[in-house]
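Enquirer: Pasting final_27.cif here (mmCIF, C-alpha atoms and all ligand atoms):
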data_input
#
loop_
_atom_site.label_atom_id
_atom_site.label_comp_id
_atom_site.auth_asym_id
_atom_site.auth_seq_id
_atom_site.Cartn_x
_atom_site.Cartn_y
_atom_site.Cartn_z
CA MET S 1 0.00 0.00 0.00
CA SER S 2 1.10 3.56 -0.67
CA ILE S 3 -0.24 7.01 0.14
CA THR S 4 -3.60 7.72 -1.48
CA PHE S 5 -4.45 11.29 -2.48
CA LYS S 6 -8.07 12.29 -2.11
CA VAL S 7 -9.79 14.53 -4.63
CA GLY S 8 -13.25 16.03 -5.20
CA GLU S 9 -16.04 13.88 -3.88
CA GLU S 10 -13.56 11.78 -1.93
CA VAL S 11 -12.58 14.80 0.16
CA GLN S 12 -16.27 15.62 0.62
CA GLY S 13 -16.88 12.08 1.90
CA MET S 14 -14.05 12.51 4.40
CA ARG S 15 -15.50 15.84 5.57
CA VAL S 16 -18.84 14.20 6.30
CA ALA S 17 -17.28 11.25 8.16
CA GLY S 18 -14.93 13.53 10.12
CA LYS S 19 -17.72 15.79 11.30
CA MET S 20 -19.82 12.80 12.33
CA ALA S 21 -17.00 11.39 14.47
CA SER S 22 -16.65 14.75 16.18
CA GLU S 23 -20.40 14.95 16.74
CA VAL S 24 -20.28 11.64 18.60
CA LEU S 25 -17.87 13.30 21.06
CA ASP S 26 -20.15 16.36 21.30
CA PHE S 27 -23.06 14.07 22.15
CA LEU S 28 -21.07 12.19 24.80
CA THR S 29 -19.64 15.28 26.51
CA PRO S 30 -22.46 16.03 29.01
CA HIS S 31 -22.55 12.36 30.02
CA ILE S 32 -18.90 12.10 31.04
CA LYS S 33 -19.28 12.68 34.76
CA PRO S 34 -18.39 10.85 37.97
CA GLY S 35 -20.32 7.56 38.26
CA ILE S 36 -20.79 6.72 34.58
CA THR S 37 -19.00 3.60 33.42
CA THR S 38 -16.96 3.56 30.24
CA ARG S 39 -19.22 0.75 29.01
CA GLU S 40 -22.21 3.07 29.37
CA ILE S 41 -20.30 5.68 27.35
CA ASP S 42 -19.70 3.02 24.70
CA GLN S 43 -23.38 2.07 24.61
CA LEU S 44 -24.46 5.71 24.32
CA ALA S 45 -22.05 6.17 21.44
CA ALA S 46 -23.27 3.04 19.67
CA GLN S 47 -26.87 4.30 19.88
CA TYR S 48 -25.87 7.73 18.61
CA MET S 49 -23.88 6.32 15.67
CA LYS S 50 -26.92 4.29 14.67
CA LYS S 51 -29.06 7.42 14.81
CA GLN S 52 -26.62 9.52 12.77
CA GLY S 53 -26.24 6.75 10.18
CA SER S 54 -22.59 5.87 10.77
CA VAL S 55 -20.88 2.63 11.77
CA SER S 56 -18.08 2.23 14.31
CA ALA S 57 -14.74 1.41 12.71
CA THR S 58 -13.38 -0.04 15.93
CA LEU S 59 -16.06 -2.65 16.68
CA GLY S 60 -14.62 -5.93 15.42
CA TYR S 61 -11.48 -4.21 14.11
CA GLN S 62 -8.74 -6.81 13.93
CA PRO S 63 -5.30 -5.92 12.62
CA SER S 64 -3.03 -8.96 12.26
CA GLY S 65 -1.73 -10.18 15.58
CA TYR S 66 -4.59 -8.60 17.55
CA PRO S 67 -7.87 -9.99 18.86
CA ALA S 68 -11.00 -8.33 17.40
CA TYR S 69 -11.59 -5.02 19.22
CA PRO S 70 -14.81 -5.44 21.20
CA ALA S 71 -16.27 -1.91 21.47
CA SER S 72 -17.57 1.06 19.48
CA LEU S 73 -14.88 3.40 20.82
CA CYS S 74 -11.78 3.48 23.03
CA THR S 75 -11.75 4.86 26.58
CA SER S 76 -8.28 5.38 28.05
CA VAL S 77 -8.35 6.43 31.70
CA ASN S 78 -5.46 8.03 33.64
CA HIS S 79 -2.31 5.95 33.05
CA VAL S 80 -3.88 4.14 30.09
CA VAL S 81 -2.12 5.51 27.01
CA CYS S 82 -4.48 4.25 24.30
CA HIS S 83 -6.85 1.49 23.15
CA GLY S 84 -8.54 1.20 26.55
CA ILE S 85 -11.55 -1.11 26.31
CA PRO S 86 -14.77 0.17 27.91
CA ASN S 87 -15.63 -1.68 31.12
CA GLU S 88 -17.92 -1.75 34.15
CA LYS S 89 -15.80 0.50 36.34
CA PRO S 90 -17.40 3.88 37.10
CA LEU S 91 -15.37 7.00 36.38
CA ARG S 92 -14.38 8.86 39.53
CA LYS S 93 -13.89 12.53 40.29
CA GLY S 94 -10.32 13.40 39.39
CA ASP S 95 -9.98 10.91 36.52
CA ILE S 96 -8.91 12.02 33.06
CA VAL S 97 -10.19 9.98 30.14
CA ASN S 98 -9.47 9.98 26.43
CA VAL S 99 -12.45 9.01 24.30
CA ASP S 100 -11.40 8.02 20.78
CA VAL S 101 -14.10 7.67 18.13
CA THR S 102 -13.72 6.38 14.59
CA VAL S 103 -16.79 6.15 12.39
CA ILE S 104 -17.37 4.96 8.84
CA LYS S 105 -19.84 6.84 6.65
CA ASP S 106 -20.33 5.81 3.01
CA GLY S 107 -17.03 3.93 3.20
CA TRP S 108 -15.02 6.91 4.52
CA HIS S 109 -13.39 7.04 7.96
CA GLY S 110 -13.38 9.91 10.46
CA ASP S 111 -11.08 9.55 13.49
CA THR S 112 -10.89 11.94 16.44
CA SER S 113 -10.35 11.91 20.19
CA ARG S 114 -10.55 14.33 23.09
CA MET S 115 -9.60 14.36 26.74
CA PHE S 116 -12.31 14.72 29.36
CA MET S 117 -11.75 15.72 32.95
CA VAL S 118 -14.11 13.94 35.33
CA GLY S 119 -15.32 16.42 37.93
CA GLU S 120 -12.53 18.42 39.46
CA VAL S 121 -9.06 17.10 38.62
CA SER S 122 -5.57 17.89 39.89
CA ILE S 123 -3.64 20.85 38.53
CA ALA S 124 -1.08 18.40 37.11
CA ALA S 125 -3.75 16.43 35.25
CA LYS S 126 -5.34 19.60 33.89
CA ARG S 127 -1.95 20.82 32.69
CA LEU S 128 -1.22 17.51 30.95
CA CYS S 129 -4.58 17.59 29.13
CA SER S 130 -4.24 21.16 27.96
CA LEU S 131 -0.58 20.95 26.96
CA THR S 132 -1.30 17.76 25.00
CA PHE S 133 -4.07 19.63 23.16
CA GLU S 134 -1.55 22.35 22.35
CA ALA S 135 1.02 19.76 21.30
CA MET S 136 -1.45 18.33 18.76
CA TRP S 137 -2.09 21.82 17.40
CA HIS S 138 1.63 22.61 17.19
CA GLY S 139 1.81 19.63 14.81
CA ILE S 140 -1.33 20.50 12.83
CA ALA S 141 -0.27 24.13 12.43
CA ARG S 142 2.80 23.05 10.47
CA VAL S 143 0.78 21.24 7.82
CA LYS S 144 1.09 22.57 4.26
CA PRO S 145 2.51 21.35 0.94
CA GLY S 146 6.31 21.17 0.93
CA VAL S 147 6.59 20.56 4.68
CA HIS S 148 7.87 17.14 5.74
CA LEU S 149 6.33 14.67 8.17
CA GLY S 150 9.46 15.07 10.31
CA ASP S 151 8.59 18.75 10.77
CA ILE S 152 5.27 17.78 12.35
CA GLY S 153 6.90 15.29 14.71
CA TYR S 154 9.61 17.75 15.62
CA ALA S 155 7.12 20.51 16.49
CA ILE S 156 5.16 18.19 18.77
CA GLN S 157 8.22 16.70 20.46
CA LYS S 158 9.89 20.05 21.04
CA PHE S 159 6.79 21.50 22.65
CA ALA S 160 6.00 18.45 24.79
CA GLU S 161 9.55 17.84 25.99
CA GLY S 162 10.08 21.58 26.50
CA ASN S 163 7.27 21.40 29.03
CA GLY S 164 8.79 18.44 30.84
CA PHE S 165 6.61 15.72 29.31
CA SER S 166 7.52 12.75 27.13
CA VAL S 167 6.24 11.55 23.75
CA VAL S 168 5.11 7.95 23.25
CA ARG S 169 7.01 6.35 20.34
CA GLU S 170 5.17 3.08 19.80
CA PHE S 171 1.97 4.56 18.34
CA CYS S 172 1.55 7.21 15.71
CA GLY S 173 -0.88 9.07 13.52
CA HIS S 174 -1.78 7.53 10.18
CA GLY S 175 -3.16 8.12 6.75
CA ILE S 176 -6.91 7.52 6.65
CA GLY S 177 -9.60 7.26 4.00
CA ARG S 178 -11.35 4.18 2.68
CA ASN S 179 -9.17 2.35 5.21
CA PHE S 180 -8.89 3.04 8.95
CA HIS S 181 -5.09 2.94 8.95
CA GLU S 182 -3.29 3.87 5.73
CA GLU S 183 0.15 5.15 4.88
CA PRO S 184 1.90 7.30 5.88
CA GLN S 185 2.79 6.86 9.53
CA VAL S 186 2.75 10.20 11.32
CA LEU S 187 5.30 10.09 14.13
CA HIS S 188 4.91 12.56 16.99
CA TYR S 189 8.67 13.03 17.31
CA GLY S 190 11.37 13.56 14.71
CA LYS S 191 13.77 15.79 12.86
CA PRO S 192 12.93 18.76 10.63
CA GLY S 193 13.10 18.10 6.89
CA THR S 194 12.99 14.31 7.21
CA LEU S 195 10.47 11.74 5.95
CA ASP S 196 7.74 12.25 3.32
CA GLU S 197 6.93 15.64 1.87
CA LEU S 198 3.30 16.71 2.29
CA LYS S 199 1.23 17.15 -0.86
CA PRO S 200 -2.33 18.38 -1.43
CA GLY S 201 -4.93 15.64 -1.04
CA MET S 202 -3.11 13.74 1.68
CA ILE S 203 -5.33 13.03 4.69
CA PHE S 204 -3.88 11.80 7.98
CA THR S 205 -4.39 11.97 11.71
CA VAL S 206 -2.30 13.85 14.23
CA GLU S 207 -2.78 12.14 17.60
CA PRO S 208 0.08 12.59 20.06
CA MET S 209 0.17 10.49 23.21
CA ILE S 210 1.99 12.50 25.88
CA ASN S 211 3.08 11.14 29.26
CA ALA S 212 3.59 13.12 32.45
CA GLY S 213 6.47 10.80 33.32
CA ARG S 214 8.69 8.55 31.23
CA ARG S 215 7.81 7.71 27.63
CA GLU S 216 7.95 3.92 27.92
CA VAL S 217 4.71 1.98 27.63
CA LYS S 218 3.67 -1.63 28.05
CA GLU S 219 0.70 -3.82 27.30
CA LEU S 220 -1.60 -4.22 30.25
CA GLY S 221 -1.43 -7.88 29.43
CA ASN S 222 -4.83 -9.52 29.61
CA ASP S 223 -6.89 -8.13 26.74
CA GLY S 224 -4.47 -7.78 23.82
CA TRP S 225 -5.21 -4.05 23.40
CA THR S 226 -4.81 -1.85 26.47
CA ILE S 227 -1.55 0.12 26.59
CA VAL S 228 -0.39 1.76 29.84
CA THR S 229 2.59 3.82 30.95
CA LYS S 230 5.37 1.67 32.37
CA ASP S 231 5.91 4.06 35.29
CA HIS S 232 2.15 4.40 35.90
CA SER S 233 2.29 8.14 35.19
CA LEU S 234 -0.69 9.92 33.64
CA SER S 235 -1.01 9.96 29.84
CA ALA S 236 -3.10 12.17 27.57
CA GLN S 237 -4.00 12.20 23.88
CA TRP S 238 -5.94 14.35 21.42
CA GLU S 239 -6.63 13.49 17.80
CA HIS S 240 -7.81 15.23 14.64
CA THR S 241 -8.05 14.08 11.02
CA VAL S 242 -6.37 16.65 8.77
CA LEU S 243 -6.42 17.31 4.99
CA VAL S 244 -3.42 18.87 3.25
CA THR S 245 -4.82 21.68 1.03
CA GLU S 246 -3.08 23.72 -1.71
CA SER S 247 -2.13 26.40 0.80
CA GLY S 248 -2.18 24.72 4.21
CA TYR S 249 -4.58 22.39 5.97
CA GLU S 250 -8.20 21.75 6.78
CA VAL S 251 -9.18 19.94 9.98
CA LEU S 252 -11.92 17.49 9.03
CA THR S 253 -12.96 16.44 12.54
CA LEU S 254 -14.52 19.68 13.73
CA SER S 255 -18.08 20.19 14.95
CA ALA S 256 -20.05 22.59 17.13
CA GLY S 257 -18.57 21.18 20.33
CA SER S 258 -14.90 21.05 19.28
CA PRO S 259 -12.65 23.05 21.57
CA PRO S 260 -11.33 26.04 19.57
CA PRO S 261 -7.70 25.95 18.46
CA PRO S 262 -5.23 27.58 20.85
CA PRO S 263 -4.40 31.28 20.29
CA PHE S 264 -1.10 30.57 18.52
CA VAL S 265 -3.00 28.99 15.62
CA ASN S 266 -4.12 31.47 12.97
CA ALA S 267 -5.67 29.49 10.19
N1 LIG S 301 -8.82 5.21 16.96
C1 LIG S 301 -7.49 4.69 17.15
C2 LIG S 301 -6.58 5.53 16.29
O1 LIG S 301 -6.59 6.70 16.46
C3 LIG S 301 -7.36 3.24 16.82
C4 LIG S 301 -8.17 2.38 17.69
S1 LIG S 301 -8.10 0.79 17.12
C5 LIG S 301 -9.03 -0.05 18.25
O2 LIG S 301 -5.89 5.11 15.40
F1 LIG S 301 -9.24 -1.16 17.74
F2 LIG S 301 -8.38 -0.06 19.40
F3 LIG S 301 -10.16 0.57 18.44
CO CO S 302 -6.13 7.53 14.61
CO CO S 303 -8.49 7.50 16.97
#
Using structure tokens, write down the structure from this file.

Expert:
Amino acid sequence: MSITFKVGEEVQGMRVAGKMASEVLDFLTPHIKPGITTREIDQLAAQYMKKQGSVSATLGYQPSGYPAYPASLCTSVNHVVCHGIPNEKPLRKGDIVNVDVTVIKDGWHGDTSRMFMVGEVSIAAKRLCSLTFEAMWHGIARVKPGVHLGDIGYAIQKFAEGNGFSVVREFCGHGIGRNFHEEPQVLHYGKPGTLDELKPGMIFTVEPMINAGRREVKELGNDGWTIVTKDHSLSAQWEHTVLVTESGYEVLTLSAGSPPPPPFVNA
């Protein structure tokens, strides 16, 4: 497989799918409070996807070497880095949770995630969530034709590490379109001017996983999916699906409830 460039109606299909994924998060937002279980969040999302006419890309998703993913979204709480499977445990005041939604609409994928703070959380947790949001935007803001993938990774890494956090290496952003995970890989660390050059029509995700402590991760071990920080430190992640345009970028996973870009972004 190689990079696919989207044109015309293909881009329009990706816009529709991206907005729908974001609208699932909008719908879930008021429900994410102390006492709700991540399984209940998953069930609410499944009902909403049905209503909006989309299908979850994660339910039954089975890359080689993995068991089929059993839920309509991922819920990664506290030291869970990514791919957390919804379960019966209620969220508690002070938790931070990433909810990652990927929908399919008319064959096109939209992939986005946000952090949610459950009730009042610690200053450290709040800082990790908001600086990870900014880290994602530092990467997105670089996107335009002629820039290299390494420039995106470098921008994210420099910002995250400059604030005393670490960048997870084992998981990355990805091309997306008719397939959930396409080329290229979008690393969240790197060197300026390296790797592929961006060209109009490329669509990929930017989804940095940032740890409060050390960058190393491990599999939780019993479900084949859940990834946690090795040192048990908190981890955060935000994700958008982004189109490379002739002059810059267009974020495809925006909706009424999306948090606005940070002030340093002038798009
Ligand atoms: N949505 C994740 C991503 O951003 C992938 C989740 S795969 C799953 O790429 F199977 F864990 F759901
Ligand atoms: Co993704
Ligand atoms: Co995702």

Enquirer: Please identify every residue of chain S that has at least one atom no farther than 6 Å from an atom of ligand CO 303 (chain S), counting all atoms listed in the file, and for each give the shortest atom pair and the distance in Å to one decimal, arranged by chain then increasing number, as a tab-separated table.

Expert:
residue	atom	partner	partner_atom	distance
S:Asp100	CA	S:CO303	CO	4.8
S:Val101	CA	S:CO303	CO	5.7
S:Thr102	CA	S:CO303	CO	5.9
S:Asp111	CA	S:CO303	CO	4.8
S:Thr112	CA	S:CO303	CO	5.1
S:Ser113	CA	S:CO303	CO	5.8

Enquirer: Give me, please, the distance in Å between atom CA of S:Lys51 and atom CA of S:Val24, quoted to one decimal.

Expert: 10.5 Å

Enquirer: Taking only C-alpha atoms and all ligand atoms into account, list the residues no farther than 8 Å from ligand LIG 301 (chain S), as number ranges by chain.

Expert: S: 57-62, 68-74, 82-85, 100-102, 111-113, 172-174, 180-181, 205, 207, 225, 239

Enquirer: Go through S:Ala21, S:Leu128, S:Ile152, S:Val147 one by one, measure the shortest atom-to-atom distance of each to ligand CO 302 (chain S) using all atoms listed in the file, and give the residue with the smallest value.

Expert: S:Ala21

Enquirer: Could you check how far atom CA of S:Gly201 sits from atom CA of S:Ser258, in Å to one decimal?

Expert: 23.3 Å

Enquirer: Do you have the atom CA of S:Ala160-atom CA of S:Ala135 distance handy?

Expert: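 Going from atom CA of S:Ala160 over to atom CA of S:Ala135, I get 6.2 Å.
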
Enquirer: With a distance cut-off of 9 Å and all atoms listed in the file, select the neighbouring residues of S:Lys93, excluding the residue or stretch itself and same-chain residues fewer than 5 positions from it, and output the selection as a ChimeraX atom specification.

Expert: /S:33-35,117-121

Enquirer: For the residues in the current selection, export C-alpha atoms as a PDB file, in the frame of the given file.

Expert:
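The file below, again_20.pdb, is the result:
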ATOM      1  CA  LYS S  33     -19.280  12.680  34.760  1.00  0.00           C
ATOM      2  CA  PRO S  34     -18.390  10.850  37.970  1.00  0.00           C
ATOM      3  CA  GLY S  35     -20.320   7.560  38.260  1.00  0.00           C
ATOM      4  CA  MET S 117     -11.750  15.720  32.950  1.00  0.00           C
ATOM      5  CA  VAL S 118     -14.110  13.940  35.330  1.00  0.00           C
ATOM      6  CA  GLY S 119     -15.320  16.420  37.930  1.00  0.00           C
ATOM      7  CA  GLU S 120     -12.530  18.420  39.460  1.00  0.00           C
ATOM      8  CA  VAL S 121      -9.060  17.100  38.620  1.00  0.00           C
TER       9      VAL S 121
END
